[in-house]
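Listing of data18.cif; format and content: mmCIF, C-alpha atoms.
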data_structure
loop_
_atom_site.label_atom_id
_atom_site.label_comp_id
_atom_site.auth_asym_id
_atom_site.auth_seq_id
_atom_site.Cartn_x
_atom_site.Cartn_y
_atom_site.Cartn_z
CA LEU R 1 97.91 -17.70 -102.44
CA ALA R 2 94.48 -16.79 -103.73
CA GLN R 3 92.27 -18.95 -105.97
CA ARG R 4 90.36 -16.03 -107.51
CA PRO R 5 90.66 -12.24 -107.92
CA ASN R 6 89.82 -10.09 -104.88
CA GLN R 7 90.01 -13.06 -102.51
CA LYS R 8 93.15 -12.09 -100.62
CA TRP R 9 95.05 -8.79 -100.52
CA VAL R 10 98.28 -8.00 -98.71
CA THR R 11 99.96 -4.70 -97.93
CA ASP R 12 103.02 -3.23 -96.26
CA VAL R 13 104.74 0.13 -95.82
CA THR R 14 108.11 0.61 -97.56
CA GLU R 15 110.55 3.49 -96.99
CA PHE R 16 112.27 5.31 -99.86
CA LYS R 17 114.68 8.23 -99.81
CA VAL R 18 113.80 10.87 -102.40
CA ALA R 19 115.77 14.12 -102.62
CA GLN R 20 117.03 13.77 -99.03
CA GLU R 21 113.50 13.18 -97.77
CA LYS R 22 111.98 9.93 -96.51
CA ILE R 23 108.86 8.88 -98.37
CA TYR R 24 106.64 5.91 -97.47
CA LEU R 25 104.77 3.84 -100.03
CA SER R 26 101.90 1.55 -99.08
CA PRO R 27 100.68 -0.63 -101.98
CA VAL R 28 97.87 -3.18 -101.83
CA MET R 29 98.51 -6.30 -103.92
CA ASP R 30 95.99 -8.92 -105.02
CA LEU R 31 97.67 -12.30 -104.41
CA TYR R 32 95.73 -13.91 -107.27
CA ASN R 33 97.71 -12.15 -110.01
CA ALA R 34 100.10 -9.80 -108.14
CA GLU R 35 98.09 -6.80 -109.36
CA ILE R 36 98.51 -3.58 -107.37
CA VAL R 37 94.90 -2.62 -106.71
CA ALA R 38 95.60 0.52 -104.68
CA TYR R 39 98.47 2.52 -103.22
CA GLU R 40 99.20 5.64 -101.20
CA VAL R 41 102.29 7.74 -100.52
CA ALA R 42 102.93 9.56 -97.24
CA ARG R 43 105.69 11.33 -95.34
CA ARG R 44 105.48 9.13 -92.26
CA PRO R 45 105.10 5.37 -91.74
CA CYS R 46 102.17 3.86 -89.93
CA LEU R 47 99.92 0.83 -90.12
CA GLY R 48 97.07 3.27 -90.52
CA LEU R 49 98.43 4.13 -93.96
CA SER R 50 97.95 0.52 -95.07
CA VAL R 51 94.56 0.41 -93.38
CA HIS R 52 93.42 3.58 -95.14
CA VAL R 53 94.59 2.34 -98.55
CA GLY R 54 93.01 -1.09 -98.23
CA HIS R 55 89.74 0.12 -96.78
CA GLY R 56 89.42 2.86 -99.36
CA HIS R 57 89.62 0.31 -102.15
CA VAL R 58 87.27 -2.09 -100.38
CA CYS R 59 84.66 0.67 -100.28
CA ARG R 60 84.90 1.09 -104.05
CA SER R 61 84.69 -2.62 -104.89
CA ALA R 62 81.50 -4.65 -105.18
CA ARG R 63 83.16 -8.08 -105.52
CA LEU R 64 84.76 -8.65 -102.13
CA ASP R 65 82.42 -11.01 -100.30
CA GLY R 66 84.59 -13.19 -98.05
CA ALA R 67 87.80 -11.38 -99.01
CA VAL R 68 90.81 -11.30 -96.68
CA PHE R 69 92.94 -8.16 -96.31
CA VAL R 70 96.24 -8.64 -94.47
CA ALA R 71 98.31 -5.67 -93.25
CA ARG R 72 101.81 -6.65 -92.19
CA ARG R 73 102.73 -5.82 -88.59
CA GLY R 74 106.49 -5.98 -88.95
CA ASP R 75 108.36 -8.22 -86.52
CA ALA R 76 105.81 -8.00 -83.72
CA SER R 77 104.76 -11.31 -82.26
CA MET R 78 101.54 -12.45 -83.88
CA SER R 79 100.50 -14.10 -80.60
CA ARG R 80 99.88 -10.68 -79.10
CA SER R 81 96.50 -8.97 -79.20
CA TYR R 82 96.28 -5.65 -81.02
CA SER R 83 93.74 -2.83 -80.94
CA LEU R 84 93.05 -0.34 -83.71
CA SER R 85 93.14 3.12 -82.13
CA PHE R 86 90.39 5.60 -82.85
CA LEU R 87 92.87 8.20 -84.10
CA THR R 88 94.32 5.83 -86.68
CA VAL R 89 91.06 5.83 -88.64
CA GLN R 90 89.25 8.78 -87.12
CA GLU R 91 87.60 9.66 -90.43
CA ALA R 92 85.78 6.30 -90.43
CA SER R 93 82.36 5.74 -88.91
CA PRO R 94 82.16 3.40 -85.88
CA VAL R 95 80.88 0.55 -88.05
CA GLU R 96 83.62 1.15 -90.61
CA ALA R 97 86.24 1.22 -87.84
CA VAL R 98 85.10 -2.21 -86.65
CA GLU R 99 85.20 -3.55 -90.22
CA ILE R 100 88.67 -2.09 -90.83
CA ALA R 101 89.94 -3.63 -87.60
CA ALA R 102 88.59 -7.03 -88.64
CA ALA R 103 89.93 -6.78 -92.18
CA CYS R 104 93.42 -5.94 -90.93
CA GLY R 105 93.59 -8.68 -88.32
CA TYR R 106 93.11 -6.60 -85.18
CA ASP R 107 91.51 -8.21 -82.17
CA PHE R 108 90.13 -4.98 -80.72
CA VAL R 109 89.07 -1.49 -81.71
CA GLY R 110 88.95 1.84 -79.89
CA LEU R 111 85.94 4.14 -80.28
CA ARG R 112 85.34 7.77 -79.35
CA ILE R 113 81.91 8.71 -78.07
CA LEU R 114 82.75 11.90 -76.16
CA PRO R 115 84.60 14.89 -77.67
CA ALA R 116 88.29 15.01 -76.76
CA ALA R 117 89.01 18.63 -77.65
CA ALA R 118 88.31 21.42 -75.18
CA SER R 119 86.11 23.11 -77.81
CA GLY R 120 85.21 22.89 -81.48
CA GLU R 121 84.77 19.10 -81.70
CA ALA R 122 81.32 17.93 -82.65
CA ALA R 123 79.40 15.46 -80.52
CA TYR R 124 79.53 11.78 -81.47
CA PRO R 125 76.18 10.21 -82.44
CA LEU R 126 77.13 6.83 -80.96
CA LEU R 127 76.52 8.22 -77.46
CA HIS R 128 72.78 8.67 -77.99
CA ASP R 129 71.83 7.08 -81.33
CA ALA R 130 70.18 3.74 -80.53
CA ASN R 131 70.10 2.64 -84.17
CA LEU R 132 73.82 3.30 -84.58
CA LEU R 133 74.52 1.37 -81.39
CA ARG R 134 72.68 -1.63 -82.79
CA GLU R 135 74.63 -1.37 -86.05
CA VAL R 136 77.95 -1.30 -84.19
CA GLN R 137 76.91 -4.20 -81.97
CA ALA R 138 75.98 -6.19 -85.08
CA ALA R 139 79.34 -5.40 -86.70
CA LEU R 140 81.14 -6.53 -83.55
CA ARG R 141 79.19 -9.80 -83.50
CA ASP R 142 79.73 -10.43 -87.20
CA THR R 143 83.48 -9.78 -87.13
CA GLY R 144 84.43 -11.05 -83.68
CA VAL R 145 86.23 -7.77 -82.96
CA LYS R 146 85.83 -6.43 -79.42
CA VAL R 147 85.94 -2.88 -78.11
CA ALA R 148 89.09 -2.28 -76.10
CA ASP R 149 88.50 1.30 -75.01
CA VAL R 150 86.14 4.23 -75.38
CA GLU R 151 87.19 7.89 -75.37
CA ILE R 152 87.30 10.12 -73.46
CA VAL R 153 86.34 11.44 -70.04
CA ARG R 154 87.86 14.86 -69.36
CA LEU R 155 87.82 15.59 -65.64
CA LYS R 156 87.18 19.33 -65.24
CA ASP R 157 86.34 21.47 -62.23
CA SER R 158 82.65 21.00 -63.09
CA TYR R 159 82.75 17.18 -62.82
CA ARG R 160 79.48 15.49 -61.86
CA ARG R 161 79.03 11.74 -61.85
CA ALA R 162 75.57 12.01 -63.42
CA ASP R 163 77.02 13.74 -66.50
CA PHE R 164 79.06 10.64 -67.34
CA GLN R 165 76.46 8.00 -66.50
CA PRO R 166 75.16 7.77 -70.11
CA PHE R 167 78.73 7.51 -71.40
CA VAL R 168 79.61 4.65 -69.07
CA GLU R 169 76.34 2.88 -69.83
CA ARG R 170 77.03 3.14 -73.56
CA ALA R 171 80.59 1.87 -73.08
CA ALA R 172 79.22 -1.17 -71.28
CA ALA R 173 76.62 -1.73 -74.02
CA LEU R 174 79.48 -1.84 -76.52
CA GLY R 175 81.26 -4.46 -74.42
CA ALA R 176 84.23 -2.15 -73.83
CA ALA R 177 86.91 -3.02 -71.30
CA HIS R 178 88.44 0.39 -70.61
CA VAL R 179 87.45 4.04 -70.33
CA LEU R 180 90.16 6.56 -71.24
CA VAL R 181 90.45 9.47 -68.82
CA ALA R 182 92.24 12.84 -68.95
CA GLY R 183 92.63 15.20 -66.00
CA ASP R 184 92.03 18.89 -66.73
CA ASP R 185 91.19 20.24 -63.28
CA THR R 186 94.17 22.21 -61.88
CA ASP R 187 92.93 21.74 -58.30
CA ALA R 188 94.82 18.54 -57.41
CA ALA R 189 92.62 17.53 -54.47
CA ARG R 190 89.39 18.03 -56.39
CA LEU R 191 90.81 16.21 -59.42
CA GLN R 192 91.71 13.27 -57.20
CA ASP R 193 88.20 13.13 -55.77
CA SER R 194 86.69 13.27 -59.26
CA TYR R 195 88.92 10.50 -60.56
CA THR R 196 88.23 8.27 -57.56
CA ASP R 197 84.49 8.77 -58.01
CA LEU R 198 84.74 7.98 -61.71
CA CYS R 199 86.63 4.78 -60.90
CA HIS R 200 83.76 3.70 -58.67
CA LEU R 201 81.22 4.50 -61.41
CA ALA R 202 83.20 2.58 -64.03
CA ALA R 203 83.57 -0.40 -61.70
CA GLU R 204 79.79 -0.73 -61.49
CA TYR R 205 79.84 -1.56 -65.21
CA GLY R 206 82.95 -3.74 -65.22
CA LEU R 207 85.12 -1.04 -66.78
CA SER R 208 88.57 0.21 -65.88
CA ALA R 209 89.29 3.96 -65.70
CA ASP R 210 92.60 4.37 -67.52
CA LEU R 211 94.19 7.70 -66.60
CA GLU R 212 96.30 9.12 -69.42
CA PHE R 213 99.14 11.54 -68.71
CA MET R 214 99.78 14.31 -71.23
CA PRO R 215 101.98 17.40 -70.82
CA TRP R 216 99.14 19.77 -71.73
CA THR R 217 96.79 18.42 -69.04
CA ALA R 218 96.84 18.61 -65.26
CA VAL R 219 98.27 15.07 -65.17
CA LYS R 220 101.53 15.72 -66.97
CA ASN R 221 103.62 12.62 -66.43
CA LEU R 222 103.67 8.99 -65.35
CA ARG R 223 104.64 9.84 -61.77
CA GLN R 224 101.54 12.01 -61.30
CA ALA R 225 99.27 9.49 -62.96
CA ARG R 226 100.58 6.61 -60.85
CA ALA R 227 100.14 8.61 -57.66
CA MET R 228 96.51 9.38 -58.51
CA VAL R 229 95.73 5.79 -59.41
CA GLU R 230 97.26 4.50 -56.19
CA GLN R 231 95.54 7.13 -54.06
CA SER R 232 92.15 6.23 -55.58
CA GLY R 233 92.42 2.80 -53.98
CA ALA R 234 90.34 1.42 -56.87
CA ALA R 235 91.08 -2.01 -58.29
CA ASN R 236 89.99 -0.93 -61.77
#
Would you mind writing the file out in structure tokens?
Amino acid sequence: LAQRPNQKWVTDVTEFKVAQEKIYLSPVMDLYNAEIVAYEVARRPCLGLSVHVGHGHVCRSARLDGAVFVARRGDASMSRSYSLSFLTVQEASPVEAVEIAAACGYDFVGLRILPAAASGEAAYPLLHDANLLREVQAALRDTGVKVADVEIVRLKDSYRRADFQPFVERAAALGAAHVLVAGDDTDAARLQDSYTDLCHLAAEYGLSADLEFMPWTAVKNLRQARAMVEQSGAAN
């Protein structure tokens, strides 16, 4: 239990059935006095709901130095390592994402520094902003959270290694382990060459090139992705 207010909070997601519809409630309780300090209702369950509720209240409180926020992870083994995906808290800044990951007990965090959408998505300052990079690095040091992956290289017909050099360099500066990759080029041979070249570039910085398969891309399934990874001959 807690010895003072705002020292330790806990949260969970609970399912209710209301008028034939499933509703999910995520309260945040202060263990000092069992006070519900925040809550949110949604139509789908996710840990991100608890994260959003807890972090939102943290941002509004000025008395939380040294506080612990615990989001329950169901029956999953606590000996496993977990990473907070970029999309779970995509509205948060990179520094906030690191802080949320730490507050909720994650070991790793995922960050996006290149636009994922084909068009209409703004650029991410973390790719070029040196001051922001230093702030994120400081947050990582202070919390002990590490960067699992950075998003996202989209391999198009216009692929050039030099275009992704700054991205890979920034990923390495963040201490990332993996680069997420999507294949958009419909020319299979050219896409293979591009992916193989990217693997070699990533390897120079100690990064893996993790090829994602998605039905709306040129790499639509696991079979295609596995074939490309094996044909690349890259260890990363």
Item to complete: Using the chain letters and numbering of this document, enumerate as JSON, numbers by chain the residues selected by the PyMOL selection byres ((chain R and resi 192-194) around 9).
Response: {"R": [155, 156, 157, 159, 160, 161, 187, 188, 189, 190, 191, 195, 196, 197, 198, 199, 228, 229, 231, 232]}
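Residues selected in this file by the PyMOL selection byres ((chain R and resi 29) around 8) comprise R:Trp9, R:Val10, R:Thr11, R:Pro27, R:Val28, R:Asp30, R:Leu31, R:Ala34, R:Glu35, R:Ile36, R:Val37, R:Ala38.
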Evaluating the PyMOL selection byres ((chain R and resi 209) around 9) on the displayed file yields which residues, as a PDB file with C-alpha atoms, in the frame of the given file?
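Dumped everything to result38.pdb:
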ATOM      1  CA  HIS R 178      88.440   0.390 -70.610  1.00  0.00           C
ATOM      2  CA  VAL R 179      87.450   4.040 -70.330  1.00  0.00           C
ATOM      3  CA  LEU R 180      90.160   6.560 -71.240  1.00  0.00           C
ATOM      4  CA  VAL R 181      90.450   9.470 -68.820  1.00  0.00           C
ATOM      5  CA  TYR R 195      88.920  10.500 -60.560  1.00  0.00           C
ATOM      6  CA  LEU R 198      84.740   7.980 -61.710  1.00  0.00           C
ATOM      7  CA  CYS R 199      86.630   4.780 -60.900  1.00  0.00           C
ATOM      8  CA  HIS R 200      83.760   3.700 -58.670  1.00  0.00           C
ATOM      9  CA  ALA R 202      83.200   2.580 -64.030  1.00  0.00           C
ATOM     10  CA  ALA R 203      83.570  -0.400 -61.700  1.00  0.00           C
ATOM     11  CA  LEU R 207      85.120  -1.040 -66.780  1.00  0.00           C
ATOM     12  CA  SER R 208      88.570   0.210 -65.880  1.00  0.00           C
ATOM     13  CA  ASP R 210      92.600   4.370 -67.520  1.00  0.00           C
ATOM     14  CA  LEU R 211      94.190   7.700 -66.600  1.00  0.00           C
ATOM     15  CA  ASN R 236      89.990  -0.930 -61.770  1.00  0.00           C
TER      16      ASN R 236
END
Discussion item. Calculated over all atoms listed in the file, which of the candidates R:Pro94, R:Glu204, R:Asp107, R:Ala235 has the smallest distance to Ala138 in chain R?
Written reply: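 Once distances to Ala138 in chain R are computed over all atoms listed in the file, the minimum belongs to R:Pro94.
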Worksheet item: Separation of CA of Glu40 in chain R and CA of Ala2 in chain R, in Å?
Response: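 One can read the CA of Glu40 in chain R to CA of Ala2 in chain R distance as 23.1 Å.
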Practice prompt. Would you work out the distance separating CA of Ala172 in chain R from CA of Tyr205 in chain R, expressed in Å to one decimal?
Written response: 6.1 Å
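Every protein or nucleic acid residue with an atom no more than 7 Å from Leu25 in chain R, counting only C-alpha atoms and leaving out same-chain residues fewer than 3 positions away, appears here: R:Val13, R:Thr14, R:Glu15, R:Glu40, R:Val41, R:Ala42.
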Fill in: Å distance separating CA of Glu212 in chain R from CA of Ala182 in chain R, one decimal place
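Computing the Euclidean distance for CA of Glu212 in chain R and CA of Ala182 in chain R yields 5.5 Å.
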Discussion item. Between R:Asp142, R:Asp149, R:Glu99, R:Glu135, which residue has the minimum interatomic distance to Phe86 in chain R, considering only C-alpha atoms?
Written reply: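 Checking each candidate against Phe86 in chain R, we get R:Asp149 as the closest.
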Can you put N, CA and C atoms back into range 20-32 of chain R and show it as a compact mmCIF listing (two decimals), in the frame of the given file?
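Contents of rebuild_35.txt, as written:
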# COMPACT_ATOMS: atom_id res chain seq x y z
N GLN R 20 116.69 13.59 -100.45
CA GLN R 20 117.03 13.77 -99.03
C GLN R 20 115.82 13.73 -98.10
N GLU R 21 114.71 13.27 -98.60
CA GLU R 21 113.50 13.18 -97.77
C GLU R 21 113.00 11.74 -97.76
N LYS R 22 112.53 11.28 -96.62
CA LYS R 22 111.98 9.93 -96.51
C LYS R 22 110.51 9.93 -96.95
N ILE R 23 110.21 9.03 -97.86
CA ILE R 23 108.86 8.88 -98.37
C ILE R 23 108.42 7.43 -98.13
N TYR R 24 107.14 7.24 -97.79
CA TYR R 24 106.64 5.91 -97.47
C TYR R 24 105.53 5.51 -98.45
N LEU R 25 105.72 4.35 -99.05
CA LEU R 25 104.77 3.84 -100.03
C LEU R 25 104.03 2.65 -99.45
N SER R 26 102.72 2.66 -99.56
CA SER R 26 101.90 1.55 -99.08
C SER R 26 101.04 1.03 -100.23
N PRO R 27 101.49 -0.03 -100.91
CA PRO R 27 100.68 -0.63 -101.98
C PRO R 27 99.80 -1.75 -101.44
N VAL R 28 98.73 -2.03 -102.13
CA VAL R 28 97.87 -3.18 -101.83
C VAL R 28 97.91 -4.11 -103.04
N MET R 29 98.35 -5.35 -102.82
CA MET R 29 98.51 -6.30 -103.92
C MET R 29 97.51 -7.45 -103.81
N ASP R 30 96.88 -7.78 -104.94
CA ASP R 30 95.99 -8.92 -105.02
C ASP R 30 96.86 -10.16 -105.24
N LEU R 31 96.81 -11.13 -104.32
CA LEU R 31 97.67 -12.30 -104.41
C LEU R 31 97.28 -13.25 -105.56
N TYR R 32 96.13 -13.04 -106.17
CA TYR R 32 95.73 -13.91 -107.27
C TYR R 32 96.63 -13.71 -108.48
